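Accompanying notes for the structure given below.
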Amino acid sequence: MYVCGDEGDEKVHKEFHKDYTHGIQFKGWNNERVVNLPSTMAGRVILVLDGDPPAHKKKVQKVVEMMEMDLGSGCLIHKLYKVYLYILHQRIAGCLIAEPIIVAYRVLSNSEAPKSIKGTNANDNGSNSSTLQFGGINFQREAVKRAPSAINPVALEEKHTGAVFLANEAVPATCGIRAIWVAPSVRRKQIASHLLDAVSSSTDLLISFPILLIFLRMSFCEGFVLKSSQLAFSDPTSSGMALACSYFDTSSFLAYKSD
């Protein structure tokens, strides 16, 4: 909220709008855990942990507040979280929050979902008749053919709207994707996929001293690289469902119940 015509308010609003659209401004830190990703990337991914300096955690909190505008407010971070920030053109263009988990559940595909919640026909008897009857009035359906068009990313998200149903049997999992967000101006540019790749990659902790550079390799689970089958999503939105289906190349990925 701001007052139109007030120079101070309009300046703050303009800066806020830019932060939301392009990502929060970020000039870098002296010590960053840079995740090893392909050199073809336009930006870089850095990892932030709970024990990092207060300035780092303060920046993460500011990003989380921005994320909550799209994903809804809630406890997105805690002491065991790991935050992956995608830096592009000196702005935080994306963020992934991960946490350790033990088990997850397979998301049921459309054909596996309980019959009581599947889509039904307009007629009570379930027939495929093209006629709809309301009282004494009959309506005839008309099939409209549309010319084929290129795949629309928005249509993919609409396809995954509705409730998410999970299998009853728990399976082992290691990493929970608690939340993932990308700034509006740079969506559809594989940033979310790069963030997911970063979770299972190693990192280089670069500490700058006058003479010495120290590198420390680590990952979400130190000592080995995570497989995609060890990742699970928490309460995915329609956009999250579309991302998961595209990233894992299946509609039957893993999800978990966050506390």
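Please note that chains go A, B, ... in the order of the structure tokens, that every chain numbers its residues from 1, and that ligands are numbered from 1 in the order shown.
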Applying 9 Å and only C-alpha atoms, which residues near stretch 75-90 of chain A remain after dropping the ones on its own chain fewer than 4 positions away? List them as a ChimeraX atom specification. /A:23-28,35,42-51,60-61,64,68,94-100,178-179,182,191-192,194-195,198-199,220
d(atom CA of A:Asp70, atom CA of A:Ser228) in Å: 25.6 Å
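Between A:Ser229 and the residues A:Met69, A:Thr250, A:His17, A:Met241, the shortest atom-to-atom distance, using only C-alpha atoms, involves A:Thr250.
Comparing A:Cys4, A:Cys245, A:Leu226, A:Ala255 by their smallest distance to A:Val103, the closest is A:Ala255 (using only C-alpha atoms).
With only C-alpha atoms as the basis for measurement, A:Ser252 is the residue among A:Phe233, A:Ser239, A:Ser252, A:Ser246 that approaches A:Ala167 most closely.
Take atom CA of A:Gly176 and atom CA of A:Ala93: the distance between them is 21.0 Å.
Counting only C-alpha atoms, the residue from A:Ile180, A:Ala55, A:Val12, A:Leu231 that sits nearest to A:Phe253 is A:Leu231.
Our summary of the geometry notes that atom CA of A:Ser73 is positioned 23.7 Å from atom CA of A:Leu166.
With distances restricted to only C-alpha atoms, A:Ala104 is the closest residue to A:Ser234 from A:Asp249, A:Arg188, A:Ala104, A:Glu169.
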For A:Met67, which residue among A:Thr21, A:Gln190, A:Thr174, A:Ser258 is the nearest when counting only C-alpha atoms? A:Thr21
